[in-house]
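Source file: start-v8.txt. Holds: compact mmCIF, C-alpha atoms (C1' of nucleotides).
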# COMPACT_ATOMS: atom_id res chain seq x y z
CA MET A 29 13.17 30.57 -3.59
CA LYS A 30 10.74 27.74 -4.11
CA ILE A 31 12.36 24.30 -3.89
CA ALA A 32 10.40 21.15 -4.72
CA THR A 33 11.11 17.42 -4.62
CA PHE A 34 9.32 15.14 -7.06
CA ASN A 35 9.78 11.42 -7.72
CA ILE A 36 8.66 11.37 -11.35
CA ASN A 37 8.88 7.57 -11.87
CA GLY A 38 10.43 7.72 -15.31
CA ILE A 39 11.23 10.84 -17.36
CA LYS A 40 10.02 9.29 -20.63
CA ALA A 41 6.60 8.45 -19.18
CA ARG A 42 6.35 11.94 -17.66
CA HIS A 43 7.03 13.92 -20.86
CA LYS A 44 3.66 15.67 -20.49
CA ALA A 45 2.99 15.75 -16.75
CA LEU A 46 6.40 17.07 -15.68
CA PRO A 47 6.58 20.13 -17.99
CA ALA A 48 2.93 20.91 -17.21
CA TRP A 49 3.69 20.95 -13.49
CA LEU A 50 6.87 23.03 -13.97
CA GLU A 51 4.91 25.60 -15.97
CA GLU A 52 1.99 25.77 -13.55
CA GLN A 53 3.85 25.74 -10.23
CA SER A 54 7.07 27.30 -11.44
CA PRO A 55 9.47 26.01 -8.76
CA ASP A 56 12.87 27.70 -8.81
CA VAL A 57 14.52 24.38 -8.04
CA ALA A 58 13.13 20.90 -8.71
CA LEU A 59 14.85 17.86 -7.23
CA LEU A 60 13.79 14.90 -9.38
CA GLN A 61 14.07 11.21 -8.55
CA GLU A 62 13.63 7.97 -10.45
CA ILE A 63 14.42 9.51 -13.80
CA LYS A 64 15.09 5.92 -14.99
CA SER A 65 17.30 7.12 -17.80
CA VAL A 66 20.97 7.38 -18.63
CA ASP A 67 22.23 10.96 -18.95
CA GLU A 68 22.67 10.69 -22.74
CA ALA A 69 19.03 9.64 -23.27
CA PHE A 70 17.45 12.23 -20.95
CA PRO A 71 15.10 14.49 -22.95
CA ARG A 72 16.72 17.68 -21.70
CA ASP A 73 14.56 19.94 -23.90
CA LEU A 74 11.47 19.15 -21.83
CA ILE A 75 13.06 21.06 -18.96
CA GLU A 76 15.58 23.41 -20.59
CA ASP A 77 12.95 24.90 -22.91
CA LEU A 78 11.14 26.17 -19.81
CA GLY A 79 14.17 28.15 -18.70
CA TYR A 80 15.80 25.67 -16.35
CA ASN A 81 19.40 24.64 -15.94
CA LEU A 82 19.66 20.88 -15.64
CA GLU A 83 22.09 18.48 -14.00
CA THR A 84 21.45 14.74 -14.18
CA HIS A 85 22.90 11.67 -12.54
CA GLY A 86 21.29 8.82 -14.43
CA GLN A 87 21.39 5.04 -14.62
CA LYS A 88 19.99 2.56 -17.10
CA GLY A 89 16.49 1.40 -16.28
CA PHE A 90 16.34 2.25 -12.59
CA ASN A 91 16.98 5.00 -10.07
CA GLY A 92 18.56 8.23 -11.31
CA VAL A 93 18.30 11.75 -9.89
CA ALA A 94 18.41 15.24 -11.35
CA ILE A 95 18.29 18.90 -10.39
CA ALA A 96 16.50 21.54 -12.45
CA SER A 97 17.04 25.15 -11.46
CA LYS A 98 16.13 28.59 -12.78
CA TYR A 99 19.19 29.88 -10.93
CA PRO A 100 22.75 28.90 -11.82
CA LEU A 101 24.02 25.62 -10.36
CA GLU A 102 27.60 25.39 -9.15
CA ASP A 103 29.89 22.73 -7.66
CA VAL A 104 27.74 19.82 -8.78
CA THR A 105 28.69 16.44 -7.30
CA ARG A 106 27.23 13.04 -8.11
CA GLY A 107 26.94 9.98 -5.87
CA LEU A 108 26.68 9.55 -2.10
CA PRO A 109 30.17 9.39 -0.58
CA GLY A 110 31.29 6.49 1.57
CA ASP A 111 31.24 3.42 -0.69
CA PRO A 112 33.18 3.37 -3.96
CA GLU A 113 31.53 0.00 -4.78
CA ASP A 114 28.05 1.55 -4.85
CA VAL A 115 27.07 2.17 -8.47
CA GLN A 116 23.42 3.12 -7.86
CA ALA A 117 22.52 6.67 -8.94
CA ARG A 118 20.68 8.01 -5.89
CA TRP A 119 22.40 11.26 -4.85
CA ILE A 120 23.25 14.59 -6.48
CA GLU A 121 24.34 17.89 -4.92
CA ALA A 122 24.61 21.41 -6.22
CA THR A 123 24.93 24.97 -4.98
CA VAL A 124 22.02 27.14 -6.07
CA VAL A 125 23.04 30.76 -6.60
CA GLY A 126 19.90 32.78 -5.93
CA ALA A 127 19.43 35.92 -3.83
CA ARG A 128 21.04 33.69 -1.18
CA VAL A 129 23.27 30.70 -1.81
CA VAL A 130 21.70 27.34 -0.91
CA ARG A 131 23.39 23.93 -1.06
CA VAL A 132 20.86 21.33 -2.16
CA ALA A 133 21.02 17.53 -2.30
CA GLY A 134 18.54 15.46 -4.28
CA LEU A 135 18.24 11.91 -3.01
CA TYR A 136 16.47 8.65 -3.76
CA LEU A 137 16.83 6.56 -0.63
CA PRO A 138 16.65 2.78 -1.21
CA ASN A 139 13.24 1.15 -0.76
CA GLY A 140 14.67 -1.78 1.23
CA ASN A 141 12.00 -4.42 0.66
CA PRO A 142 11.84 -7.33 1.14
CA VAL A 143 12.78 -7.51 4.81
CA PRO A 144 14.97 -9.17 5.89
CA GLY A 145 17.49 -9.40 3.09
CA PRO A 146 20.31 -7.71 1.23
CA LYS A 147 18.08 -4.88 0.04
CA TYR A 148 17.22 -3.90 3.60
CA ASP A 149 20.86 -4.17 4.62
CA TYR A 150 21.72 -1.84 1.73
CA LYS A 151 19.05 0.64 2.84
CA LEU A 152 20.38 0.84 6.40
CA ALA A 153 23.99 1.10 5.20
CA TRP A 154 22.97 3.86 2.78
CA MET A 155 21.24 5.78 5.57
CA LYS A 156 24.39 5.53 7.68
CA ARG A 157 26.41 6.99 4.80
CA MET A 158 23.80 9.71 4.33
CA LYS A 159 24.05 10.59 8.01
CA ALA A 160 27.79 11.09 7.64
CA ARG A 161 27.35 13.34 4.59
CA ALA A 162 24.50 15.26 6.28
CA ALA A 163 26.75 15.91 9.31
CA GLU A 164 29.58 17.06 7.06
CA LEU A 165 27.27 19.51 5.28
CA LEU A 166 26.04 20.96 8.59
CA ARG A 167 29.58 21.96 9.47
CA THR A 168 29.51 24.52 6.65
CA GLU A 169 26.87 26.48 8.61
CA GLU A 170 25.20 27.39 5.30
CA PRO A 171 21.56 26.95 4.28
CA ILE A 172 21.27 23.29 3.23
CA VAL A 173 18.24 21.46 1.83
CA LEU A 174 18.21 17.65 1.62
CA GLY A 175 15.19 16.78 -0.51
CA GLY A 176 13.94 13.60 -2.07
CA ASP A 177 12.16 10.29 -1.87
CA TYR A 178 13.30 9.04 1.53
CA ASN A 179 11.24 5.84 1.43
CA VAL A 180 10.61 6.47 5.12
CA ILE A 181 7.21 6.90 6.79
CA PRO A 182 8.31 8.95 9.82
CA GLN A 183 5.23 8.50 12.05
CA PRO A 184 1.98 6.45 12.12
CA GLU A 185 0.06 9.60 11.15
CA ASP A 186 2.06 9.67 7.91
CA CYS A 187 0.16 6.71 6.47
CA ALA A 188 -3.52 5.92 6.12
CA ARG A 189 -3.24 2.34 7.40
CA PRO A 190 -0.27 1.95 9.77
CA ALA A 191 -1.07 -1.71 10.43
CA ALA A 192 -0.52 -2.53 6.75
CA TRP A 193 3.02 -1.10 6.89
CA GLU A 194 4.14 -2.61 10.20
CA LYS A 195 6.62 -5.06 8.67
CA ASP A 196 7.54 -2.94 5.68
CA ALA A 197 11.03 -1.51 5.14
CA LEU A 198 9.49 1.99 4.91
CA PHE A 199 8.04 1.88 8.42
CA LEU A 200 10.08 -0.55 10.54
CA PRO A 201 11.30 0.89 13.87
CA GLN A 202 14.91 0.52 12.70
CA THR A 203 14.17 2.55 9.55
CA ARG A 204 12.42 5.31 11.46
CA ALA A 205 15.25 5.39 14.02
CA ALA A 206 17.83 5.81 11.26
CA PHE A 207 15.77 8.70 9.85
CA ARG A 208 15.57 10.31 13.30
CA GLU A 209 19.33 9.98 13.67
CA ILE A 210 19.74 12.22 10.63
CA LEU A 211 17.13 14.69 11.90
CA ASN A 212 18.75 14.76 15.32
CA LEU A 213 22.00 16.00 13.84
CA GLY A 214 20.14 19.30 13.71
CA TYR A 215 17.87 19.13 10.66
CA THR A 216 14.25 20.25 10.51
CA GLU A 217 11.71 18.28 8.51
CA ALA A 218 10.08 21.18 6.68
CA PHE A 219 6.54 19.86 6.28
CA ARG A 220 6.09 18.94 9.94
CA ALA A 221 7.54 22.30 10.98
CA ARG A 222 4.38 23.85 9.55
CA VAL A 223 1.62 21.23 9.29
CA SER A 224 0.39 18.78 11.93
CA GLY A 225 -2.08 15.94 11.87
CA PRO A 226 -2.90 12.95 9.66
CA GLY A 227 -4.06 12.73 6.06
CA HIS A 228 -1.10 14.39 4.29
CA TYR A 229 0.55 12.05 1.81
CA SER A 230 3.02 12.22 -1.07
CA PHE A 231 2.62 8.72 -2.58
CA TRP A 232 -0.34 6.55 -3.53
CA ASP A 233 0.11 3.13 -5.10
CA TYR A 234 -1.12 2.70 -8.66
CA GLN A 235 -3.04 -0.38 -7.53
CA ALA A 236 -6.49 -0.86 -6.05
CA GLY A 237 -7.61 2.76 -6.36
CA ALA A 238 -5.29 3.91 -3.58
CA TYR A 239 -5.54 7.59 -4.54
CA GLN A 240 -9.33 7.55 -4.80
CA ARG A 241 -9.47 6.09 -1.28
CA ASN A 242 -6.68 8.42 -0.07
CA ASP A 243 -4.78 5.33 1.01
CA GLY A 244 -1.40 7.04 0.89
CA ILE A 245 1.91 7.49 2.66
CA ARG A 246 4.15 10.51 3.24
CA ILE A 247 7.68 9.53 2.21
CA ASP A 248 8.98 12.53 0.24
CA HIS A 249 10.71 14.98 2.56
CA LEU A 250 12.74 18.17 2.66
CA LEU A 251 15.25 18.44 5.51
CA LEU A 252 16.60 21.87 6.42
CA SER A 253 19.81 22.87 8.15
CA PRO A 254 19.29 25.46 10.95
CA GLN A 255 20.36 28.22 8.55
CA ALA A 256 17.80 27.04 5.98
CA ALA A 257 15.08 26.57 8.61
CA ASP A 258 15.53 30.25 9.55
CA LEU A 259 14.52 31.10 5.98
CA LEU A 260 11.42 28.86 5.81
CA ARG A 261 8.32 30.75 4.69
CA ASP A 262 5.88 28.09 3.51
CA VAL A 263 5.42 24.40 2.68
CA GLY A 264 3.00 22.40 0.56
CA ILE A 265 2.13 19.19 -1.26
CA ASP A 266 0.85 19.37 -4.84
CA LYS A 267 -1.68 16.60 -4.24
CA ASP A 268 -3.68 17.33 -7.40
CA GLU A 269 -0.77 16.18 -9.57
CA ARG A 270 -1.77 12.61 -8.71
CA ALA A 271 -5.11 13.15 -10.49
CA ARG A 272 -3.45 14.22 -13.75
CA ASP A 273 -3.34 12.09 -16.91
CA LYS A 274 -0.46 9.61 -16.75
CA PRO A 275 0.68 10.73 -13.28
CA SER A 276 3.67 9.57 -11.28
CA ASP A 277 2.75 7.58 -8.19
CA HIS A 278 4.38 10.39 -6.15
CA VAL A 279 3.43 14.08 -6.05
CA PRO A 280 5.68 17.14 -5.56
CA VAL A 281 6.42 18.43 -2.07
CA TRP A 282 7.75 21.98 -1.85
CA ILE A 283 9.08 24.72 0.39
CA GLU A 284 9.39 28.46 -0.04
CA LEU A 285 12.55 30.00 1.40
CA ASP A 286 13.50 33.64 1.94
CA ALA A 287 16.42 33.20 -0.40
C1' DA B 27 -3.43 -15.58 0.32
C1' DT B 28 -3.41 -13.52 -3.97
C1' DG B 29 -3.61 -9.94 -7.12
C1' DG B 30 -4.19 -5.61 -8.00
C1' DT B 31 -0.69 -1.26 -11.59
C1' DT B 32 3.00 1.11 -13.79
C1' DG B 33 7.69 1.80 -15.96
C1' DC B 34 11.81 0.16 -17.49
C1' DC B 35 12.39 -2.33 -22.03
C1' DG B 36 11.38 -5.96 -24.69
C1' DA B 37 11.87 -10.78 -19.90
C1' DG B 38 11.14 -10.13 -15.57
C1' DC B 39 12.39 -6.91 -11.92
C1' DA B 40 11.46 -2.98 -9.07
C1' DA B 41 8.28 -0.46 -6.68
Would you kindly transcribe this structure into structure tokens?
Amino acid sequence: MKIATFNINGIKARHKALPAWLEEQSPDVALLQEIKSVDEAFPRDLIEDLGYNLETHGQKGFNGVAIASKYPLEDVTRGLPGDPEDVQARWIEATVVGARVVRVAGLYLPNGNPVPGPKYDYKLAWMKRMKARAAELLRTEEPIVLGGDYNVIPQPEDCARPAAWEKDALFLPQTRAAFREILNLGYTEAFRARVSGPGHYSFWDYQAGAYQRNDGIRIDHLLLSPQAADLLRDVGIDKDERARDKPSDHVPVWIELDA
DNA sequence: ATGGTTGCCGAGCAA
């Protein structure tokens, strides 16, 4: 079972690039972020016509997450538990019924800039809520995949110019510590389980020719429960997607599971 | 230091 995460930065603007990628790479499950659409306006045909089931959790203008799957999706839930006041669409869960059953969560973790301020406070509070949900999911002892745009640069080697990110919400020590707290519950960050060293990124800014200079950051991650980590066969980043016509500023990151 | 770009949607905000 191939599971990918992809921040598409707007479903309407990606009406060509997203179906092209789905056709070429054929992930079984695609966790999509920043759909930037309400559910009623989502062009479902773009995805359903390729043989995918689709579950969306949208919001007007901003945010929004979705799950596309060639396998049936069951027990879909929307929204990150822990704050009934939070109306931002950043979390969706579903059970994928493949050869094995895998519980997946698609997430769009808050950016948090500028620091300090309410947006950074919201980011840290959101990560605390995510930690609680991640711990709860572990107790099921099932294969679990938490995939999405984490807006976290885990290590200096995960960005081309660490000095430029020193005071940024994506790279502050407090942000990285909150990310490690989730990992230390018992999750494995899939990419780093298989690939070491610098130069591997999942996002390049649209500005100043960042992609051409490979001035990127690695902020899209797939976290695996122990039972999912046992099934890990391969990982990858579809870097070439960033060179496509009308690309997202992120590229897909994927895993292949024995499931 | 500023501005550089894109997407939402039709003015700025978010990233």
Self-check item: Check: which chain A residues lie within 10 Å of chain B using all atoms listed in the file, as a PyMOL selection string
Solution: chain A and resi 37-41+64-65+88-91+139+141+233-237+274-277
Exercise. Quick one: pull the distance between atom CA of A:Asn81 and atom CA of A:Asp67, Å, one decimal.
Key: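 Atom CA of A:Asn81 sits 14.3 Å away from atom CA of A:Asp67.
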Quiz prompt | Atomic distance atom CA of A:Leu166 - atom CA of A:Asp114, expressed in Å with one decimal | solution =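 Answer for the atom CA of A:Leu166 to atom CA of A:Asp114 separation: 23.7 Å.
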Give me the residues of stretch 34-150 of chain A that have any atom at most 12 Å from an atom of stretch 200-210 of chain A; for each, the nearest atom pair and the distance in Å, rounded to one decimal. Use all atoms listed in the file, sort by chain and number, and format it as a Markdown table.
| residue | atom | partner | partner_atom | distance |
| --- | --- | --- | --- | --- |
| A:Leu137 | CA | A:Phe207 | CA | 10.7 |
| A:Pro138 | CA | A:Thr203 | CA | 11.0 |
| A:Asn139 | CA | A:Thr203 | CA | 10.4 |
| A:Gly140 | CA | A:Thr203 | CA | 9.4 |
| A:Asn141 | CA | A:Leu200 | CA | 10.8 |
| A:Pro142 | CA | A:Leu200 | CA | 11.7 |
| A:Val143 | CA | A:Leu200 | CA | 9.4 |
| A:Pro144 | CA | A:Leu200 | CA | 10.9 |
| A:Tyr148 | CA | A:Thr203 | CA | 9.3 |
| A:Asp149 | CA | A:Thr203 | CA | 10.7 |
| A:Tyr150 | CA | A:Thr203 | CA | 11.7 |
Output file for the residues above (C-alpha atoms, as a short mmCIF file (atom, residue, chain, number, x, y, z; two decimals), in the coordinates of the input):
data_model
loop_
_atom_site.label_atom_id
_atom_site.label_comp_id
_atom_site.auth_asym_id
_atom_site.auth_seq_id
_atom_site.Cartn_x
_atom_site.Cartn_y
_atom_site.Cartn_z
CA LEU A 137 16.83 6.56 -0.63
CA PRO A 138 16.65 2.78 -1.21
CA ASN A 139 13.24 1.15 -0.76
CA GLY A 140 14.67 -1.78 1.23
CA ASN A 141 12.00 -4.42 0.66
CA PRO A 142 11.84 -7.33 1.14
CA VAL A 143 12.78 -7.51 4.81
CA PRO A 144 14.97 -9.17 5.89
CA TYR A 148 17.22 -3.90 3.60
CA ASP A 149 20.86 -4.17 4.62
CA TYR A 150 21.72 -1.84 1.73
#
Spatial neighbours of A:Val180, max dist 6 Å, all atoms listed in the file, sep filter under 2 positions, as a PDB file with C-alpha atoms, in the coordinates of the input:
ATOM      1  CA  TYR A 178      13.300   9.040   1.530  1.00  0.00           C
ATOM      2  CA  PRO A 182       8.310   8.950   9.820  1.00  0.00           C
ATOM      3  CA  LEU A 198       9.490   1.990   4.910  1.00  0.00           C
ATOM      4  CA  ILE A 247       7.680   9.530   2.210  1.00  0.00           C
TER       5      ILE A 247
END
Quiz item: Do you know which residues are at most 7 Å from A:Ala96 counting all atoms listed in the file, after dropping those on the same chain fewer than 6 positions away, and could you put them as a PyMOL selection string?
Solution: chain A and resi 57-59+80-83
Exercise. Up to 9 Å from (27.0, 22.3, -8.8) in the file's coordinates: name the residues, counting all atoms listed in the file, as a ChimeraX atom specification.
Key: /A:83,100-105,120-124,131
Self-check item: Protein/DNA/RNA residues near (21.9, 35.6, -7.7), cut 10 Å, all atoms listed in the file, as a VMD selection string
Solution: chain A and resid 99 to 100 124 to 129 287
Export of prior selection with C-alpha atoms as a CSV table (one decimal), keeping the file's coordinate frame:
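This went into out.csv:
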chain,number,residue,atom,x,y,z
A,99,TYR,CA,19.2,29.9,-10.9
A,100,PRO,CA,22.8,28.9,-11.8
A,124,VAL,CA,22.0,27.1,-6.1
A,125,VAL,CA,23.0,30.8,-6.6
A,126,GLY,CA,19.9,32.8,-5.9
A,127,ALA,CA,19.4,35.9,-3.8
A,128,ARG,CA,21.0,33.7,-1.2
A,129,VAL,CA,23.3,30.7,-1.8
A,287,ALA,CA,16.4,33.2,-0.4
Quiz item: Separation of atom CA of A:Gln53 and atom CA of A:Arg272, in Å?
Solution: 14.1 Å
Self-check item: Selected residue of minimal separation from A:Trp154 among A:Leu108, A:Ala197, A:Leu174, A:Ala133, counting all atoms listed in the file
Solution: A:Leu108
Quiz item: Closest to A:Trp119 among A:Val93, A:Leu60, A:Ile75, A:Val132, using only C-alpha atoms?
Solution: A:Val93
Exercise. Just the residues within 8 Å of A:Asn35, please, counting all atoms listed in the file, with nothing from its chain fewer than 2 positions along; format it as a PyMOL selection string.
Key: chain A and resi 33+37+60-63+176-177+276+278-280
